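Engineer: Got a structure for you, questions after.
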Amino acid sequence: MPLEFRCATTDFSKESVDLLAVGVFAGEAVTTTYPVDTLDKAMGGVLAEFIAQQEFTGKKDQTLEVDTLGRLAARRLLLVGLGEPKEISSAVYRTFAARAGRNANGAKAKSLALVLPSKIQADDARALAEGVVLGAYRFTKYLTGDRLPKAELAHATVFTSGKTDKLKSAMNLGARIAKSICITRDLVNEPPNELTPIVLASHAQQIAKQHGLDCKVFDRKALERKGMKLLLAVGQGSVNEPRLVHLTYKPAKPSKKKLVWVGKGITFDSGGICIKPAAGMGDMKSDMAGAANVIGLMACVAEIAPDVEVHGIIATAENMLDGNAYRPGDIFGSLDGKTVEIINTDAEGRLVLADALAYARALNPSVLVCNATLTGACVVALGQHCSGFFTAQEELAAKFNKAAADSGEQFWRLPLLEDMREQLKSDVADLKHTGDRWGGSISAALFLTEFVGDTPFIHCDIAGPALAEKPYSFYSKGGTGHGVLAFLRFVETF
């Protein structure tokens, strides 16, 4: 059953719902300020006593759950700290709503109501709907019997004052955007025996059909004709053939601006002949998160229908090892024409991206953005909740930084240190595809720049946040969809 949203201007303290989630600004007197004062009055003063006992002050991310014991029409009450009023933003509201949606799952709630301490605008309403859907997300495809959830959130109400028409429209858009991000999460959560490169390409075709996008899929023979030898090399050790996917959104009126996204789609990464350690290898089903992001983003783009042309390119393969697998010491050509000496078969992502970037460059984009679970070095540098990004263009960096900040997603700019390019020089080919261990995310980014020419370029290394061990903010356990909101905001700035 799809989650339905509505706006209401009635008395929220009398709303009969399974869970009433209330945002609270930080302060020492939270019990005397709206909306807590209204709830405390309805509950005969016991709420204020409980808040004091639990030392709830509304600081950011602080939560307090209360059983109303019949004193309110709502079965349960959840207070969520929003932090200082001066720091409030749509991103804060999204996280609040996600906590509410996640809590609703835990409480087996079918209905949810949201109340905020200040008047909301259309952007806030959109963020609230996004948050609820993202927070309530669960991947249940392979659960059966008693493992299936006993209840599903079906109704969400946002209480506000004034006219609700624009807010309702914004909420519906937010719900559709969040559902598109959930496409990314579903793909990342799929097991690798089910999600092969061919199946991933099929999913892209289905999404394109549902959202009115153009879609081209290049099979192995087409890749051979084009000369995408690096992509083919990575996939040659697997029985599952590689694919290149090209999704296209065109606005109603032709646009001079063209944005192109490229995503790494390694549906399983064994490391190839340079095999990975067994510990953690199961997480390598998520090595296609960059490609999943592109699919989710293109679905989002179709929903907002921007006045700019947007393309999504996916290079997908399975990095396995058999008698036909590529080896350290091999040399391959590329779509770009450069020859590449293979150093480590576990650095396969930059190889498939090299051919995809050369293909994307030929589209003459205004901006070319690559995203990939590329290096463990980036996780070491920035942790598991922040992605790194690289660009040589200062104006582009500022624009992307703002888009990420507005979306509430964490990205940090890392340097393209030109003196490290020496590490990529080969004695027997045009390039080596890896450098030294130190600064590995930088040398990987420098390798990618060899295939984009003069095109304005951003590379995002999402290796840390693409997969989460537990839920946080508006992200779910497992596939998070990290990056899609930032990318969508970046598109909207054009």
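The way I read the labels, and the way they are meant: chains A, B, ... in the order of the structure tokens, residue 1 as the first residue of every chain, and ligand 1 as the first ligand shown, with later ones counted on from there.
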Using only C-alpha atoms, which protein or nucleic acid residues come within 12 Å of Met281 (chain A)? Drop anything in the same chain fewer than 4 positions from it, and give the result as a ChimeraX atom specification.
Structural biologist: /A:192,268-272,275-277,285-287,346
Engineer: Keeping only C-alpha atoms, write the selected residues as a PDB file, in the first residue's frame.
Structural biologist:
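The file below, out.pdb, is the result:
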```
ATOM      1  CA  PRO A 192      24.841 -10.342  -6.205  1.00  0.00           C
ATOM      2  CA  PHE A 268      30.240  -7.941  -7.180  1.00  0.00           C
ATOM      3  CA  ASP A 269      33.917  -7.296  -6.560  1.00  0.00           C
ATOM      4  CA  SER A 270      35.938 -10.343  -5.578  1.00  0.00           C
ATOM      5  CA  GLY A 271      39.127  -8.401  -6.260  1.00  0.00           C
ATOM      6  CA  GLY A 272      39.842 -10.629  -9.253  1.00  0.00           C
ATOM      7  CA  ILE A 275      41.547 -11.475  -4.423  1.00  0.00           C
ATOM      8  CA  LYS A 276      40.138  -9.656  -1.417  1.00  0.00           C
ATOM      9  CA  PRO A 277      40.272 -11.070   2.128  1.00  0.00           C
ATOM     10  CA  LYS A 285      27.632  -6.383  -3.534  1.00  0.00           C
ATOM     11  CA  SER A 286      27.452  -2.620  -2.886  1.00  0.00           C
ATOM     12  CA  ASP A 287      30.265  -1.835  -5.320  1.00  0.00           C
ATOM     13  CA  ASP A 346      41.210  -5.058  -7.270  1.00  0.00           C
TER      14      ASP A 346
END
```
Engineer: Need to verify the contact set: Ala397 (chain A), 12 Å, only C-alpha atoms, exclusion of same-chain residues closer than 6 positions in sequence. Can you return it as a short mmCIF file (atom, residue, chain, number, x, y, z; two decimals) with C-alpha atoms, in the first residue's frame?
Structural biologist:
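Produced file part-v2.cif, reproduced below:
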```cif
data_model
loop_
_atom_site.label_atom_id
_atom_site.label_comp_id
_atom_site.auth_asym_id
_atom_site.auth_seq_id
_atom_site.Cartn_x
_atom_site.Cartn_y
_atom_site.Cartn_z
CA VAL A 367 29.49 19.44 -16.44
CA VAL A 369 30.07 14.18 -12.64
CA GLY A 388 35.09 12.98 -0.87
CA PHE A 389 34.90 14.98 -4.07
CA PHE A 390 37.53 16.25 -6.45
CA THR A 391 37.46 19.00 -9.05
CA ALA A 403 24.28 21.87 -3.24
CA ALA A 404 25.58 19.22 -0.83
CA PHE A 411 30.82 15.84 1.12
CA TRP A 412 34.36 17.16 1.59
CA ARG A 413 36.62 18.46 -1.15
CA LEU A 414 39.95 16.65 -1.51
CA PRO A 415 42.90 17.94 -3.54
CA PRO A 456 34.42 20.56 -16.36
CA PHE A 457 34.63 17.52 -14.09
CA ILE A 458 33.71 16.41 -10.58
CA HIS A 459 34.60 13.02 -9.15
CA CYS A 460 32.80 11.81 -6.00
CA PHE A 490 23.05 20.33 -7.99
#
```
Engineer: List as JSON, numbers by chain the protein and nucleic acid residues near Cys274 (chain A), meaning an atom at most 12 Å away when only C-alpha atoms are counted, but skip any in the same chain fewer than 5 places from it.
Structural biologist: {"A": [269, 319, 320, 321, 322, 325, 326, 327, 328, 329, 342, 343, 344, 345, 346, 347, 348]}
Engineer: Output N, CA and C atoms for every residue in the selection just made, as a PDB file, in the first residue's frame.
Structural biologist:
```
ATOM      1  N   ASP A 269      32.476  -7.499  -6.412  1.00  0.00           N
ATOM      2  CA  ASP A 269      33.917  -7.296  -6.560  1.00  0.00           C
ATOM      3  C   ASP A 269      34.675  -8.287  -5.685  1.00  0.00           C
ATOM      4  N   ASN A 319      33.515  -8.371 -11.254  1.00  0.00           N
ATOM      5  CA  ASN A 319      34.961  -8.611 -11.183  1.00  0.00           C
ATOM      6  C   ASN A 319      35.216  -9.952 -10.507  1.00  0.00           C
ATOM      7  N   MET A 320      35.343 -10.996 -11.328  1.00  0.00           N
ATOM      8  CA  MET A 320      35.536 -12.347 -10.820  1.00  0.00           C
ATOM      9  C   MET A 320      36.858 -12.910 -11.342  1.00  0.00           C
ATOM     10  N   LEU A 321      37.219 -14.091 -10.871  1.00  0.00           N
ATOM     11  CA  LEU A 321      38.476 -14.695 -11.299  1.00  0.00           C
ATOM     12  C   LEU A 321      38.239 -16.105 -11.815  1.00  0.00           C
ATOM     13  N   ASP A 322      38.668 -16.308 -13.047  1.00  0.00           N
ATOM     14  CA  ASP A 322      38.706 -17.655 -13.632  1.00  0.00           C
ATOM     15  C   ASP A 322      39.893 -17.684 -14.590  1.00  0.00           C
ATOM     16  N   ALA A 325      40.323 -14.441 -16.525  1.00  0.00           N
ATOM     17  CA  ALA A 325      40.354 -13.153 -15.813  1.00  0.00           C
ATOM     18  C   ALA A 325      41.581 -12.337 -16.203  1.00  0.00           C
ATOM     19  N   TYR A 326      41.418 -11.032 -16.156  1.00  0.00           N
ATOM     20  CA  TYR A 326      42.569 -10.170 -16.448  1.00  0.00           C
ATOM     21  C   TYR A 326      43.578 -10.219 -15.309  1.00  0.00           C
ATOM     22  N   ARG A 327      44.852  -9.926 -15.629  1.00  0.00           N
ATOM     23  CA  ARG A 327      45.953 -10.168 -14.700  1.00  0.00           C
ATOM     24  C   ARG A 327      46.773  -8.912 -14.464  1.00  0.00           C
ATOM     25  N   PRO A 328      47.468  -8.840 -13.334  1.00  0.00           N
ATOM     26  CA  PRO A 328      48.495  -7.815 -13.163  1.00  0.00           C
ATOM     27  C   PRO A 328      49.567  -7.987 -14.251  1.00  0.00           C
ATOM     28  N   GLY A 329      49.959  -6.898 -14.872  1.00  0.00           N
ATOM     29  CA  GLY A 329      50.933  -6.954 -15.961  1.00  0.00           C
ATOM     30  C   GLY A 329      50.306  -6.899 -17.336  1.00  0.00           C
ATOM     31  N   ILE A 342      47.948  -2.892 -16.208  1.00  0.00           N
ATOM     32  CA  ILE A 342      47.221  -3.334 -15.018  1.00  0.00           C
ATOM     33  C   ILE A 342      48.218  -3.644 -13.902  1.00  0.00           C
ATOM     34  N   ILE A 343      47.999  -3.041 -12.742  1.00  0.00           N
ATOM     35  CA  ILE A 343      48.865  -3.255 -11.587  1.00  0.00           C
ATOM     36  C   ILE A 343      48.171  -4.128 -10.547  1.00  0.00           C
ATOM     37  N   ASN A 344      46.917  -3.821 -10.266  1.00  0.00           N
ATOM     38  CA  ASN A 344      46.163  -4.526  -9.225  1.00  0.00           C
ATOM     39  C   ASN A 344      44.746  -4.743  -9.739  1.00  0.00           C
ATOM     40  N   THR A 345      44.342  -5.993  -9.868  1.00  0.00           N
ATOM     41  CA  THR A 345      43.010  -6.270 -10.425  1.00  0.00           C
ATOM     42  C   THR A 345      41.883  -5.881  -9.470  1.00  0.00           C
ATOM     43  N   ASP A 346      42.228  -5.533  -8.216  1.00  0.00           N
ATOM     44  CA  ASP A 346      41.210  -5.058  -7.270  1.00  0.00           C
ATOM     45  C   ASP A 346      40.991  -3.554  -7.390  1.00  0.00           C
ATOM     46  N   ALA A 347      41.669  -2.913  -8.316  1.00  0.00           N
ATOM     47  CA  ALA A 347      41.416  -1.496  -8.614  1.00  0.00           C
ATOM     48  C   ALA A 347      40.689  -1.418  -9.945  1.00  0.00           C
ATOM     49  N   GLU A 348      39.589  -2.162 -10.014  1.00  0.00           N
ATOM     50  CA  GLU A 348      38.865  -2.317 -11.278  1.00  0.00           C
ATOM     51  C   GLU A 348      37.919  -1.170 -11.583  1.00  0.00           C
TER      52      GLU A 348
END
```
Engineer: Which residue is closest to Lys14 (chain A)? Choose from A:Ala113, A:Val484, A:Gly81, A:Asp214 and count only C-alpha atoms.
Structural biologist: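 Of all the options, A:Ala113 lies closest to Lys14 (chain A).
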Engineer: Using Å and a single decimal, report how far CA of Ala136 (chain A) sits from CA of Gly83 (chain A).
Structural biologist: 22.6 Å
Engineer: Given only C-alpha atoms as the basis, pick out the residue of A:Ala107, A:Leu247, A:Ile177, A:Val133 nearest to Lys150 (chain A).
Structural biologist: A:Ala107
Engineer: As a PyMOL selection string, please: every residue in region 120-239 of chain A that a backbone DSSP assignment puts in helix (DSSP H, G or I).
Structural biologist: chain A and resi 122-135+145-147+165-189+197-211+220-226+229-235
Engineer: Find, counting only C-alpha atoms, the residue in A:Val92, A:Val352, A:Val188, A:Leu3 that gets nearest to Lys477 (chain A).
Structural biologist: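 Result for the nearest residue to Lys477 (chain A): A:Val188.
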Engineer: For Cys215 (chain A), list every protein, DNA or RNA residue within 12 Å, evaluated using only C-alpha atoms, and leave out those in the same chain fewer than 3 positions away; present the list as a CSV table (one decimal) with N, CA and C atoms, in the first residue's frame.
Structural biologist:
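Saved as selection36.csv:
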```csv
chain,number,residue,atom,x,y,z
A,201,ALA,N,21.2,-3.6,-15.8
A,201,ALA,CA,20.8,-2.9,-17.1
A,201,ALA,C,19.3,-3.0,-17.3
A,202,SER,N,18.8,-4.2,-17.0
A,202,SER,CA,17.3,-4.4,-17.2
A,202,SER,C,16.5,-3.4,-16.3
A,203,HIS,N,17.0,-3.3,-15.0
A,203,HIS,CA,16.4,-2.4,-14.1
A,203,HIS,C,16.4,-1.0,-14.6
A,204,ALA,N,17.5,-0.6,-15.2
A,204,ALA,CA,17.6,0.8,-15.7
A,204,ALA,C,16.6,1.0,-16.8
A,205,GLN,N,16.4,0.0,-17.7
A,205,GLN,CA,15.4,0.0,-18.7
A,205,GLN,C,14.0,0.2,-18.2
A,206,GLN,N,13.7,-0.6,-17.1
A,206,GLN,CA,12.4,-0.5,-16.5
A,206,GLN,C,12.1,0.9,-15.9
A,207,ILE,N,13.1,1.4,-15.2
A,207,ILE,CA,12.9,2.8,-14.6
A,207,ILE,C,12.8,3.8,-15.7
A,208,ALA,N,13.5,3.7,-16.8
A,208,ALA,CA,13.4,4.6,-17.9
A,208,ALA,C,12.0,4.5,-18.5
A,209,LYS,N,11.4,3.3,-18.7
A,209,LYS,CA,10.1,3.2,-19.2
A,209,LYS,C,9.0,3.8,-18.3
A,210,GLN,N,9.2,3.6,-17.0
A,210,GLN,CA,8.2,4.1,-16.0
A,210,GLN,C,8.3,5.7,-16.0
A,211,HIS,N,9.4,6.3,-16.2
A,211,HIS,CA,9.6,7.7,-16.0
A,211,HIS,C,9.8,8.5,-17.3
A,212,GLY,N,9.6,7.8,-18.4
A,212,GLY,CA,9.6,8.5,-19.7
A,212,GLY,C,11.0,9.0,-20.1
A,218,PHE,N,24.3,-1.2,-24.2
A,218,PHE,CA,25.3,-1.8,-25.1
A,218,PHE,C,25.8,-3.1,-24.5
A,244,LEU,N,27.1,-1.4,-20.8
A,244,LEU,CA,27.1,0.0,-20.6
A,244,LEU,C,25.7,0.5,-20.9
A,245,VAL,N,25.2,1.3,-20.0
A,245,VAL,CA,23.8,1.9,-20.0
A,245,VAL,C,23.8,3.4,-20.2
A,246,HIS,N,23.0,3.9,-21.0
A,246,HIS,CA,22.9,5.4,-21.3
A,246,HIS,C,21.4,5.8,-21.1
A,247,LEU,N,21.2,6.5,-20.0
A,247,LEU,CA,19.8,7.1,-19.8
A,247,LEU,C,19.8,8.6,-20.2
A,248,THR,N,18.7,9.0,-20.7
A,248,THR,CA,18.6,10.4,-21.2
A,248,THR,C,17.3,11.1,-20.8
A,249,TYR,N,17.4,12.3,-20.2
A,249,TYR,CA,16.3,13.1,-19.9
A,249,TYR,C,16.5,14.4,-20.7
A,250,LYS,N,15.4,14.7,-21.5
A,250,LYS,CA,15.5,16.0,-22.3
A,250,LYS,C,14.3,16.8,-21.9
A,295,ILE,N,20.8,5.7,-11.5
A,295,ILE,CA,19.4,5.3,-11.8
A,295,ILE,C,18.4,6.0,-10.9
A,298,MET,N,18.2,9.7,-12.0
A,298,MET,CA,17.5,9.9,-13.2
A,298,MET,C,16.0,9.8,-13.0
A,311,HIS,N,22.0,13.4,-18.5
A,311,HIS,CA,22.3,12.0,-19.0
A,311,HIS,C,22.8,11.2,-17.8
A,312,GLY,N,22.6,9.9,-17.8
A,312,GLY,CA,23.1,9.0,-16.8
A,312,GLY,C,23.8,7.9,-17.5
A,313,ILE,N,25.1,7.7,-17.2
A,313,ILE,CA,25.9,6.6,-17.9
A,313,ILE,C,26.3,5.6,-16.8
A,314,ILE,N,26.1,4.3,-17.1
A,314,ILE,CA,26.4,3.3,-16.1
A,314,ILE,C,27.3,2.3,-16.8
```
